[in-house]
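Text of the file query-v9.cif, holding mmCIF, N, CA and C atoms:
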data_my_file
loop_
_atom_site.label_atom_id
_atom_site.label_comp_id
_atom_site.auth_asym_id
_atom_site.auth_seq_id
_atom_site.Cartn_x
_atom_site.Cartn_y
_atom_site.Cartn_z
N MET A 99 -5.17 -1.30 13.01
CA MET A 99 -5.11 -2.75 12.96
C MET A 99 -4.45 -3.27 14.22
N ALA A 100 -5.03 -3.04 15.33
CA ALA A 100 -4.48 -3.49 16.60
C ALA A 100 -4.36 -5.00 16.60
N GLY A 101 -3.23 -5.47 17.14
CA GLY A 101 -3.04 -6.90 17.25
C GLY A 101 -2.51 -7.56 15.99
N GLY A 102 -2.27 -6.83 14.94
CA GLY A 102 -1.76 -7.42 13.70
C GLY A 102 -0.64 -6.58 13.14
N SER A 103 -0.05 -7.10 12.09
CA SER A 103 1.02 -6.33 11.47
C SER A 103 0.44 -5.37 10.43
N ILE A 104 1.18 -4.33 10.15
CA ILE A 104 0.76 -3.33 9.17
C ILE A 104 1.13 -3.83 7.78
N PRO A 105 0.17 -3.96 6.86
CA PRO A 105 0.51 -4.41 5.51
C PRO A 105 1.35 -3.36 4.77
N HIS A 106 2.26 -3.86 3.94
CA HIS A 106 3.12 -3.02 3.12
C HIS A 106 2.68 -3.21 1.66
N PHE A 107 2.63 -2.11 0.92
CA PHE A 107 2.23 -2.18 -0.48
C PHE A 107 3.32 -1.58 -1.36
N GLN A 108 3.47 -2.13 -2.56
CA GLN A 108 4.44 -1.66 -3.53
C GLN A 108 3.73 -1.37 -4.85
N ASN A 109 4.40 -0.59 -5.69
CA ASN A 109 3.80 -0.20 -6.96
C ASN A 109 4.83 -0.30 -8.08
N ASP A 110 5.31 -1.51 -8.32
CA ASP A 110 6.30 -1.74 -9.38
C ASP A 110 5.79 -1.35 -10.76
N ALA A 111 4.51 -1.51 -10.99
CA ALA A 111 3.93 -1.27 -12.32
C ALA A 111 3.61 0.21 -12.56
N GLY A 112 3.71 1.04 -11.54
CA GLY A 112 3.44 2.46 -11.71
C GLY A 112 1.98 2.79 -11.86
N TYR A 113 1.10 2.05 -11.19
CA TYR A 113 -0.33 2.33 -11.23
C TYR A 113 -0.62 3.70 -10.62
N ALA A 114 -1.58 4.42 -11.17
CA ALA A 114 -1.98 5.70 -10.61
C ALA A 114 -2.78 5.50 -9.33
N VAL A 115 -3.61 4.44 -9.29
CA VAL A 115 -4.49 4.16 -8.15
C VAL A 115 -4.37 2.68 -7.78
N ILE A 116 -4.26 2.43 -6.48
CA ILE A 116 -4.29 1.06 -5.96
C ILE A 116 -5.37 1.00 -4.89
N GLU A 117 -6.30 0.08 -5.05
CA GLU A 117 -7.34 -0.12 -4.04
C GLU A 117 -6.84 -1.14 -3.02
N ILE A 118 -7.06 -0.83 -1.74
CA ILE A 118 -6.60 -1.69 -0.66
C ILE A 118 -7.71 -1.87 0.37
N GLY A 119 -7.59 -2.90 1.20
CA GLY A 119 -8.63 -3.21 2.17
C GLY A 119 -8.33 -2.75 3.58
N VAL A 120 -7.39 -1.83 3.75
CA VAL A 120 -7.03 -1.29 5.06
C VAL A 120 -6.88 0.22 4.96
N LYS A 121 -6.95 0.89 6.10
CA LYS A 121 -6.76 2.34 6.12
C LYS A 121 -5.43 2.75 6.75
N GLU A 122 -4.73 1.81 7.38
CA GLU A 122 -3.40 2.05 7.93
C GLU A 122 -2.45 1.08 7.26
N PHE A 123 -1.37 1.61 6.66
CA PHE A 123 -0.50 0.76 5.85
C PHE A 123 0.84 1.44 5.64
N MET A 124 1.75 0.71 5.02
CA MET A 124 3.05 1.23 4.65
C MET A 124 3.17 1.20 3.14
N CYS A 125 3.74 2.26 2.58
CA CYS A 125 4.07 2.29 1.15
C CYS A 125 5.59 2.20 1.04
N VAL A 126 6.05 1.31 0.17
CA VAL A 126 7.50 1.16 -0.04
C VAL A 126 7.92 1.67 -1.41
N GLY A 127 6.97 2.14 -2.21
CA GLY A 127 7.28 2.55 -3.58
C GLY A 127 7.40 1.30 -4.43
N ALA A 128 8.52 1.14 -5.12
CA ALA A 128 8.79 -0.08 -5.86
C ALA A 128 9.52 -1.05 -4.93
N THR A 129 9.63 -2.30 -5.35
CA THR A 129 10.34 -3.26 -4.53
C THR A 129 11.83 -2.93 -4.50
N PRO A 130 12.49 -3.22 -3.38
CA PRO A 130 13.93 -2.95 -3.29
C PRO A 130 14.69 -3.64 -4.43
N PRO A 131 15.69 -3.02 -4.95
CA PRO A 131 16.41 -1.86 -4.44
C PRO A 131 15.88 -0.52 -4.97
N PHE A 132 14.71 -0.53 -5.59
CA PHE A 132 14.16 0.70 -6.19
C PHE A 132 13.09 1.33 -5.31
N ASP A 133 13.09 0.99 -4.03
CA ASP A 133 12.09 1.50 -3.09
C ASP A 133 12.43 2.92 -2.63
N HIS A 134 11.45 3.54 -2.00
CA HIS A 134 11.68 4.83 -1.34
C HIS A 134 11.59 4.57 0.16
N PRO A 135 11.85 5.55 1.02
CA PRO A 135 11.69 5.30 2.46
C PRO A 135 10.31 4.70 2.75
N HIS A 136 10.28 3.66 3.54
CA HIS A 136 9.03 2.98 3.85
C HIS A 136 8.23 3.86 4.80
N VAL A 137 7.13 4.41 4.29
CA VAL A 137 6.38 5.43 5.02
C VAL A 137 5.03 4.87 5.49
N PHE A 138 4.70 5.16 6.76
CA PHE A 138 3.41 4.78 7.33
C PHE A 138 2.37 5.80 6.90
N LEU A 139 1.24 5.31 6.40
CA LEU A 139 0.16 6.20 5.98
C LEU A 139 -1.13 5.76 6.68
N ASP A 140 -1.92 6.74 7.08
CA ASP A 140 -3.18 6.50 7.77
C ASP A 140 -4.25 7.36 7.11
N MET A 141 -5.27 6.73 6.57
CA MET A 141 -6.35 7.46 5.90
C MET A 141 -7.27 8.16 6.89
N GLY A 142 -7.30 7.71 8.13
CA GLY A 142 -8.21 8.30 9.10
C GLY A 142 -9.65 8.15 8.63
N ALA A 143 -10.41 9.24 8.64
CA ALA A 143 -11.81 9.22 8.22
C ALA A 143 -11.96 9.27 6.70
N ASP A 144 -10.87 9.56 6.00
CA ASP A 144 -10.93 9.65 4.54
C ASP A 144 -10.91 8.26 3.91
N SER A 145 -11.16 8.19 2.62
CA SER A 145 -11.12 6.91 1.91
C SER A 145 -9.99 6.86 0.89
N GLU A 146 -9.15 7.90 0.86
CA GLU A 146 -8.03 7.93 -0.06
C GLU A 146 -6.83 8.59 0.63
N LYS A 147 -5.63 8.19 0.16
CA LYS A 147 -4.40 8.80 0.67
C LYS A 147 -3.35 8.72 -0.42
N VAL A 148 -2.62 9.82 -0.63
CA VAL A 148 -1.55 9.86 -1.61
C VAL A 148 -0.21 9.70 -0.90
N CYS A 149 0.62 8.81 -1.42
CA CYS A 149 1.96 8.65 -0.85
C CYS A 149 2.78 9.90 -1.18
N PRO A 150 3.41 10.51 -0.19
CA PRO A 150 4.18 11.73 -0.45
C PRO A 150 5.47 11.48 -1.22
N TYR A 151 5.92 10.25 -1.33
CA TYR A 151 7.15 9.95 -2.06
C TYR A 151 6.90 9.56 -3.51
N CYS A 152 5.97 8.63 -3.75
CA CYS A 152 5.79 8.13 -5.12
C CYS A 152 4.50 8.61 -5.77
N SER A 153 3.68 9.33 -5.04
CA SER A 153 2.41 9.90 -5.54
C SER A 153 1.37 8.85 -5.92
N THR A 154 1.53 7.63 -5.45
CA THR A 154 0.49 6.62 -5.68
C THR A 154 -0.73 7.00 -4.84
N LEU A 155 -1.90 6.95 -5.46
CA LEU A 155 -3.15 7.18 -4.74
C LEU A 155 -3.66 5.83 -4.25
N PHE A 156 -3.77 5.68 -2.94
CA PHE A 156 -4.33 4.49 -2.34
C PHE A 156 -5.78 4.77 -1.99
N ARG A 157 -6.67 3.88 -2.41
CA ARG A 157 -8.10 4.07 -2.18
C ARG A 157 -8.62 2.88 -1.37
N PHE A 158 -9.33 3.17 -0.28
CA PHE A 158 -9.89 2.11 0.56
C PHE A 158 -11.07 1.46 -0.14
N ASN A 159 -11.08 0.12 -0.12
CA ASN A 159 -12.17 -0.66 -0.67
C ASN A 159 -12.51 -1.70 0.40
N GLY A 160 -13.61 -1.50 1.10
CA GLY A 160 -14.01 -2.36 2.21
C GLY A 160 -14.32 -3.79 1.83
N SER A 161 -14.46 -4.08 0.55
CA SER A 161 -14.73 -5.46 0.13
C SER A 161 -13.45 -6.27 -0.02
N LEU A 162 -12.28 -5.61 0.09
CA LEU A 162 -11.01 -6.32 -0.02
C LEU A 162 -10.50 -6.74 1.35
N LYS A 163 -9.81 -7.86 1.40
CA LYS A 163 -9.14 -8.30 2.63
C LYS A 163 -7.89 -7.45 2.83
N PRO A 164 -7.34 -7.43 4.04
CA PRO A 164 -6.16 -6.60 4.30
C PRO A 164 -4.96 -6.89 3.40
N THR A 165 -4.88 -8.09 2.86
CA THR A 165 -3.75 -8.45 2.00
C THR A 165 -4.10 -8.46 0.52
N GLU A 166 -5.28 -7.99 0.16
CA GLU A 166 -5.71 -7.94 -1.24
C GLU A 166 -5.55 -6.54 -1.80
N THR A 167 -5.28 -6.46 -3.09
CA THR A 167 -5.20 -5.18 -3.78
C THR A 167 -5.87 -5.28 -5.13
N ARG A 168 -6.28 -4.14 -5.65
CA ARG A 168 -6.75 -4.02 -7.04
C ARG A 168 -5.99 -2.86 -7.65
N PRO A 169 -5.23 -3.06 -8.65
CA PRO A 169 -4.92 -4.32 -9.32
C PRO A 169 -4.17 -5.28 -8.38
N ASP A 170 -4.13 -6.54 -8.79
CA ASP A 170 -3.47 -7.58 -8.00
C ASP A 170 -1.97 -7.34 -7.91
N ASN A 171 -1.36 -8.06 -6.98
CA ASN A 171 0.11 -8.14 -6.83
C ASN A 171 0.78 -6.85 -6.38
N CYS A 172 0.09 -6.04 -5.58
CA CYS A 172 0.71 -4.83 -5.05
C CYS A 172 1.05 -4.98 -3.56
N LEU A 173 0.80 -6.16 -3.00
CA LEU A 173 1.19 -6.42 -1.62
C LEU A 173 2.69 -6.70 -1.61
N TYR A 174 3.42 -6.01 -0.75
CA TYR A 174 4.85 -6.24 -0.62
C TYR A 174 5.06 -7.18 0.54
N VAL A 175 5.72 -8.31 0.27
CA VAL A 175 6.02 -9.30 1.30
C VAL A 175 7.49 -9.16 1.66
N ILE A 176 7.75 -8.85 2.91
CA ILE A 176 9.12 -8.67 3.38
C ILE A 176 9.82 -10.02 3.37
N GLN A 177 10.95 -10.08 2.68
CA GLN A 177 11.71 -11.32 2.57
C GLN A 177 12.65 -11.45 3.78
N ALA A 178 12.66 -12.62 4.38
CA ALA A 178 13.57 -12.87 5.50
C ALA A 178 15.01 -12.89 5.00
N ALA A 179 15.90 -12.40 5.82
CA ALA A 179 17.32 -12.35 5.44
C ALA A 179 17.96 -13.70 5.44
#
Transcribe the structure of this file into C-alpha coordinates.
Amino acid sequence: MAGGSIPHFQNDAGYAVIEIGVKEFMCVGATPPFDHPHVFLDMGADSEKVCPYCSTLFRFNGSLKPTETRPDNCLYVIQAA
(Lines of atoms letter the chains of each structure in order from A and count residues from 1; the text may use other names and numbers.)
(Lines give C-alpha, C1' and ligand atoms only; values in the text may rest on other atoms or scores of the structure.)
Protein backbone atom coordinates (compact mmCIF):
# COMPACT_ATOMS: atom_id res chain seq x y z
CA MET A 1 0.00 0.00 0.00
CA ALA A 2 2.53 2.57 -1.09
CA GLY A 3 1.58 6.12 -0.27
CA GLY A 4 -0.94 5.18 2.42
CA SER A 5 -1.05 4.00 5.96
CA ILE A 6 -1.17 0.33 6.90
CA PRO A 7 -4.61 -0.64 8.26
CA HIS A 8 -4.73 -2.19 11.72
CA PHE A 9 -7.26 -4.90 12.58
CA GLN A 10 -8.49 -6.18 15.94
CA ASN A 11 -10.45 -9.24 16.97
CA ASP A 12 -12.29 -8.42 20.21
CA ALA A 13 -15.04 -10.94 19.43
CA GLY A 14 -12.64 -13.84 18.91
CA TYR A 15 -13.64 -14.61 15.32
CA ALA A 16 -11.83 -17.56 13.73
CA VAL A 17 -11.71 -15.81 10.32
CA ILE A 18 -11.76 -12.13 9.36
CA GLU A 19 -12.03 -11.11 5.72
CA ILE A 20 -10.13 -7.95 4.79
CA GLY A 21 -9.56 -5.91 1.64
CA VAL A 22 -5.76 -5.62 1.88
CA LYS A 23 -2.82 -8.01 1.83
CA GLU A 24 -0.48 -5.91 4.01
CA PHE A 25 -1.77 -5.02 7.47
CA MET A 26 -1.19 -4.96 11.20
CA CYS A 27 -2.87 -7.25 13.72
CA VAL A 28 -3.23 -5.90 17.26
CA GLY A 29 -5.18 -8.84 18.72
CA ALA A 30 -7.86 -7.35 20.95
CA THR A 31 -8.13 -3.63 21.58
CA PRO A 32 -5.79 -2.24 24.25
CA PRO A 33 -5.19 -2.98 27.03
CA PHE A 34 -5.83 -6.59 25.93
CA ASP A 35 -3.75 -6.34 22.74
CA HIS A 36 -0.70 -8.34 21.76
CA PRO A 37 2.42 -6.87 20.10
CA HIS A 38 1.24 -5.06 16.99
CA VAL A 39 2.60 -7.27 14.22
CA PHE A 40 2.95 -6.47 10.51
CA LEU A 41 1.62 -9.24 8.27
CA ASP A 42 2.00 -9.58 4.50
CA MET A 43 0.06 -12.21 2.56
CA GLY A 44 2.30 -11.88 -0.49
CA ALA A 45 0.92 -14.11 -3.27
CA ASP A 46 -1.29 -16.01 -0.82
CA SER A 47 -4.88 -15.09 0.04
CA GLU A 48 -4.72 -15.99 3.74
CA LYS A 49 -2.44 -15.30 6.70
CA VAL A 50 -2.58 -16.46 10.32
CA CYS A 51 -1.50 -14.07 13.05
CA PRO A 52 1.31 -15.76 15.01
CA TYR A 53 0.11 -14.22 18.29
CA CYS A 54 -3.69 -14.61 18.36
CA SER A 55 -4.15 -17.25 15.61
CA THR A 56 -6.76 -15.18 13.79
CA LEU A 57 -7.00 -16.25 10.15
CA PHE A 58 -7.12 -13.20 7.89
CA ARG A 59 -8.53 -13.87 4.42
CA PHE A 60 -8.19 -11.45 1.50
CA ASN A 61 -11.46 -10.42 -0.13
CA GLY A 62 -10.89 -8.16 -3.15
CA SER A 63 -14.45 -6.83 -3.02
CA LEU A 64 -13.78 -5.12 0.33
CA LYS A 65 -12.28 -1.65 0.72
CA PRO A 66 -9.03 -1.37 2.73
CA THR A 67 -10.98 -0.27 5.81
CA GLU A 68 -13.80 -2.83 5.53
CA THR A 69 -13.97 -6.20 7.26
CA ARG A 70 -16.29 -9.20 7.39
CA PRO A 71 -17.54 -9.53 10.02
CA ASP A 72 -17.90 -5.78 10.56
CA ASN A 73 -16.12 -3.71 13.21
CA CYS A 74 -12.70 -5.39 13.12
CA LEU A 75 -10.86 -2.27 11.95
CA TYR A 76 -8.75 -0.87 14.78
CA VAL A 77 -8.65 2.93 14.81
CA ILE A 78 -5.67 4.33 16.68
CA GLN A 79 -6.89 6.86 19.23
CA ALA A 80 -4.94 10.11 19.50
CA ALA A 81 -3.40 10.74 22.91
As a PDB file with N, CA and C atoms, in the coordinates of the input, please: every residue in chain A that DSSP puts in strand (DSSP E or B).
ATOM      1  N   HIS A 106       2.260  -3.860   3.940  1.00  0.00           N
ATOM      2  CA  HIS A 106       3.120  -3.020   3.120  1.00  0.00           C
ATOM      3  C   HIS A 106       2.680  -3.210   1.660  1.00  0.00           C
ATOM      4  N   PHE A 107       2.630  -2.110   0.920  1.00  0.00           N
ATOM      5  CA  PHE A 107       2.230  -2.180  -0.480  1.00  0.00           C
ATOM      6  C   PHE A 107       3.320  -1.580  -1.360  1.00  0.00           C
ATOM      7  N   GLN A 108       3.470  -2.130  -2.560  1.00  0.00           N
ATOM      8  CA  GLN A 108       4.440  -1.660  -3.530  1.00  0.00           C
ATOM      9  C   GLN A 108       3.730  -1.370  -4.850  1.00  0.00           C
ATOM     10  N   VAL A 115      -3.610   4.440  -9.290  1.00  0.00           N
ATOM     11  CA  VAL A 115      -4.490   4.160  -8.150  1.00  0.00           C
ATOM     12  C   VAL A 115      -4.370   2.680  -7.780  1.00  0.00           C
ATOM     13  N   ILE A 116      -4.260   2.430  -6.480  1.00  0.00           N
ATOM     14  CA  ILE A 116      -4.290   1.060  -5.960  1.00  0.00           C
ATOM     15  C   ILE A 116      -5.370   1.000  -4.890  1.00  0.00           C
ATOM     16  N   GLU A 117      -6.300   0.080  -5.050  1.00  0.00           N
ATOM     17  CA  GLU A 117      -7.340  -0.120  -4.040  1.00  0.00           C
ATOM     18  C   GLU A 117      -6.840  -1.140  -3.020  1.00  0.00           C
ATOM     19  N   ILE A 118      -7.060  -0.830  -1.740  1.00  0.00           N
ATOM     20  CA  ILE A 118      -6.600  -1.690  -0.660  1.00  0.00           C
ATOM     21  C   ILE A 118      -7.710  -1.870   0.370  1.00  0.00           C
ATOM     22  N   GLU A 122      -4.730   1.810   7.380  1.00  0.00           N
ATOM     23  CA  GLU A 122      -3.400   2.050   7.930  1.00  0.00           C
ATOM     24  C   GLU A 122      -2.450   1.080   7.260  1.00  0.00           C
ATOM     25  N   PHE A 123      -1.370   1.610   6.660  1.00  0.00           N
ATOM     26  CA  PHE A 123      -0.500   0.760   5.850  1.00  0.00           C
ATOM     27  C   PHE A 123       0.840   1.440   5.640  1.00  0.00           C
ATOM     28  N   MET A 124       1.750   0.710   5.020  1.00  0.00           N
ATOM     29  CA  MET A 124       3.050   1.230   4.650  1.00  0.00           C
ATOM     30  C   MET A 124       3.170   1.200   3.140  1.00  0.00           C
ATOM     31  N   CYS A 125       3.740   2.260   2.580  1.00  0.00           N
ATOM     32  CA  CYS A 125       4.070   2.290   1.150  1.00  0.00           C
ATOM     33  C   CYS A 125       5.590   2.200   1.040  1.00  0.00           C
ATOM     34  N   VAL A 126       6.050   1.310   0.170  1.00  0.00           N
ATOM     35  CA  VAL A 126       7.500   1.160  -0.040  1.00  0.00           C
ATOM     36  C   VAL A 126       7.920   1.670  -1.410  1.00  0.00           C
ATOM     37  N   GLY A 127       6.970   2.140  -2.210  1.00  0.00           N
ATOM     38  CA  GLY A 127       7.280   2.550  -3.580  1.00  0.00           C
ATOM     39  C   GLY A 127       7.400   1.300  -4.430  1.00  0.00           C
ATOM     40  N   ASP A 133      13.090   0.990  -4.030  1.00  0.00           N
ATOM     41  CA  ASP A 133      12.090   1.500  -3.090  1.00  0.00           C
ATOM     42  C   ASP A 133      12.430   2.920  -2.630  1.00  0.00           C
ATOM     43  N   HIS A 134      11.450   3.540  -2.000  1.00  0.00           N
ATOM     44  CA  HIS A 134      11.680   4.830  -1.340  1.00  0.00           C
ATOM     45  C   HIS A 134      11.590   4.570   0.160  1.00  0.00           C
ATOM     46  N   PRO A 135      11.850   5.550   1.020  1.00  0.00           N
ATOM     47  CA  PRO A 135      11.690   5.300   2.460  1.00  0.00           C
ATOM     48  C   PRO A 135      10.310   4.700   2.750  1.00  0.00           C
ATOM     49  N   HIS A 136      10.280   3.660   3.540  1.00  0.00           N
ATOM     50  CA  HIS A 136       9.030   2.980   3.850  1.00  0.00           C
ATOM     51  C   HIS A 136       8.230   3.860   4.800  1.00  0.00           C
ATOM     52  N   VAL A 137       7.130   4.410   4.290  1.00  0.00           N
ATOM     53  CA  VAL A 137       6.380   5.430   5.020  1.00  0.00           C
ATOM     54  C   VAL A 137       5.030   4.870   5.490  1.00  0.00           C
ATOM     55  N   PHE A 138       4.700   5.160   6.760  1.00  0.00           N
ATOM     56  CA  PHE A 138       3.410   4.780   7.330  1.00  0.00           C
ATOM     57  C   PHE A 138       2.370   5.800   6.900  1.00  0.00           C
ATOM     58  N   LEU A 139       1.240   5.310   6.400  1.00  0.00           N
ATOM     59  CA  LEU A 139       0.160   6.200   5.980  1.00  0.00           C
ATOM     60  C   LEU A 139      -1.130   5.760   6.680  1.00  0.00           C
ATOM     61  N   ASP A 140      -1.920   6.740   7.080  1.00  0.00           N
ATOM     62  CA  ASP A 140      -3.180   6.500   7.770  1.00  0.00           C
ATOM     63  C   ASP A 140      -4.250   7.360   7.110  1.00  0.00           C
ATOM     64  N   GLU A 146      -9.150   7.900   0.860  1.00  0.00           N
ATOM     65  CA  GLU A 146      -8.030   7.930  -0.060  1.00  0.00           C
ATOM     66  C   GLU A 146      -6.830   8.590   0.630  1.00  0.00           C
ATOM     67  N   LYS A 147      -5.630   8.190   0.160  1.00  0.00           N
ATOM     68  CA  LYS A 147      -4.400   8.800   0.670  1.00  0.00           C
ATOM     69  C   LYS A 147      -3.350   8.720  -0.420  1.00  0.00           C
ATOM     70  N   VAL A 148      -2.620   9.820  -0.630  1.00  0.00           N
ATOM     71  CA  VAL A 148      -1.550   9.860  -1.610  1.00  0.00           C
ATOM     72  C   VAL A 148      -0.210   9.700  -0.900  1.00  0.00           C
ATOM     73  N   LEU A 155      -1.900   6.950  -5.460  1.00  0.00           N
ATOM     74  CA  LEU A 155      -3.150   7.180  -4.740  1.00  0.00           C
ATOM     75  C   LEU A 155      -3.660   5.830  -4.250  1.00  0.00           C
ATOM     76  N   PHE A 156      -3.770   5.680  -2.940  1.00  0.00           N
ATOM     77  CA  PHE A 156      -4.330   4.490  -2.340  1.00  0.00           C
ATOM     78  C   PHE A 156      -5.780   4.770  -1.990  1.00  0.00           C
ATOM     79  N   ARG A 157      -6.670   3.880  -2.410  1.00  0.00           N
ATOM     80  CA  ARG A 157      -8.100   4.070  -2.180  1.00  0.00           C
ATOM     81  C   ARG A 157      -8.620   2.880  -1.370  1.00  0.00           C
ATOM     82  N   PHE A 158      -9.330   3.170  -0.280  1.00  0.00           N
ATOM     83  CA  PHE A 158      -9.890   2.110   0.560  1.00  0.00           C
ATOM     84  C   PHE A 158     -11.070   1.460  -0.140  1.00  0.00           C
ATOM     85  N   THR A 167      -5.280  -6.460  -3.090  1.00  0.00           N
ATOM     86  CA  THR A 167      -5.200  -5.180  -3.780  1.00  0.00           C
ATOM     87  C   THR A 167      -5.870  -5.280  -5.130  1.00  0.00           C
ATOM     88  N   ARG A 168      -6.280  -4.140  -5.650  1.00  0.00           N
ATOM     89  CA  ARG A 168      -6.750  -4.020  -7.040  1.00  0.00           C
ATOM     90  C   ARG A 168      -5.990  -2.860  -7.650  1.00  0.00           C
ATOM     91  N   LEU A 173       0.800  -6.160  -3.000  1.00  0.00           N
ATOM     92  CA  LEU A 173       1.190  -6.420  -1.620  1.00  0.00           C
ATOM     93  C   LEU A 173       2.690  -6.700  -1.610  1.00  0.00           C
ATOM     94  N   TYR A 174       3.420  -6.010  -0.750  1.00  0.00           N
ATOM     95  CA  TYR A 174       4.850  -6.240  -0.620  1.00  0.00           C
ATOM     96  C   TYR A 174       5.060  -7.180   0.540  1.00  0.00           C
TER      97      TYR A 174
END
**Request:** Evaluate the PyMOL selection byres ((chain A and resi 172) around 6.5) here and jot the selected residues down as a list in words.
**Result:**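 Taken over the shown coordinates, the PyMOL selection byres ((chain A and resi 172) around 6.5) returns His106, Phe107, Gln108, Asn109, Thr167, Pro169, Asp170, Asn171, Leu173 and Tyr174 of chain A.
In this structure, atom CA of A:Cys149 sits 13.2 Å away from atom N of A:Gly112.
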**Message:** With distances taken over only C-alpha atoms, which residue among A:Ala128, A:Ala111, A:Met141, A:Ile104 lies nearest A:Phe156?
**Reply:**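 Result for the nearest residue to A:Phe156: A:Met141.
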**Request:** Can you work out which one of A:Glu166, A:Phe158, A:Val175, A:Asp110 has the shortest atom-to-atom distance to A:Asp133, counting only C-alpha atoms?
**Result:** A:Asp110
**Asked** atom C of A:Pro130 and atom CA of A:Leu162, how far apart in Å?
**Response** 26.2 Å
Any chance you could work out the axis-aligned box around stretch 119-124 of chain A, listed atoms only, 6 Å on each side, giving centre and edge lengths in Å to one decimal, as JSON?
{"center_x": -2.7, "center_y": -0.2, "center_z": 4.6, "size_x": 23.8, "size_y": 18.0, "size_z": 18.7}
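Nearest residue to A:Ser153 among A:Thr165, A:Lys121, A:Ala114, A:Thr129 is A:Ala114, counting all atoms listed in the file.
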**Asked** At what distance in Å, to one decimal, does atom N of A:Pro135 lie from atom C of A:Leu155?
**Response**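 Between atom C of A:Leu155 and atom N of A:Pro135 the gap works out to 16.4 Å.
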Step by step, work through what the PyMOL selection byres ((chain A and resi 125) around 5) selects in the shown file, and finish by giving those residues as a PDB file with N, CA and C atoms, in the coordinates of the input.
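Output file result30.pdb follows:
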ATOM      1  N   PHE A 107       2.630  -2.110   0.920  1.00  0.00           N
ATOM      2  CA  PHE A 107       2.230  -2.180  -0.480  1.00  0.00           C
ATOM      3  C   PHE A 107       3.320  -1.580  -1.360  1.00  0.00           C
ATOM      4  N   PHE A 123      -1.370   1.610   6.660  1.00  0.00           N
ATOM      5  CA  PHE A 123      -0.500   0.760   5.850  1.00  0.00           C
ATOM      6  C   PHE A 123       0.840   1.440   5.640  1.00  0.00           C
ATOM      7  N   MET A 124       1.750   0.710   5.020  1.00  0.00           N
ATOM      8  CA  MET A 124       3.050   1.230   4.650  1.00  0.00           C
ATOM      9  C   MET A 124       3.170   1.200   3.140  1.00  0.00           C
ATOM     10  N   VAL A 126       6.050   1.310   0.170  1.00  0.00           N
ATOM     11  CA  VAL A 126       7.500   1.160  -0.040  1.00  0.00           C
ATOM     12  C   VAL A 126       7.920   1.670  -1.410  1.00  0.00           C
ATOM     13  N   GLY A 127       6.970   2.140  -2.210  1.00  0.00           N
ATOM     14  CA  GLY A 127       7.280   2.550  -3.580  1.00  0.00           C
ATOM     15  C   GLY A 127       7.400   1.300  -4.430  1.00  0.00           C
ATOM     16  N   HIS A 136      10.280   3.660   3.540  1.00  0.00           N
ATOM     17  CA  HIS A 136       9.030   2.980   3.850  1.00  0.00           C
ATOM     18  C   HIS A 136       8.230   3.860   4.800  1.00  0.00           C
ATOM     19  N   VAL A 137       7.130   4.410   4.290  1.00  0.00           N
ATOM     20  CA  VAL A 137       6.380   5.430   5.020  1.00  0.00           C
ATOM     21  C   VAL A 137       5.030   4.870   5.490  1.00  0.00           C
TER      22      VAL A 137
END
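Restricting the calculation to only C-alpha atoms, the smallest distance between A:Ser161 and any of A:Glu122, A:Glu146, A:Glu117, A:Asp140 is found for A:Glu117.
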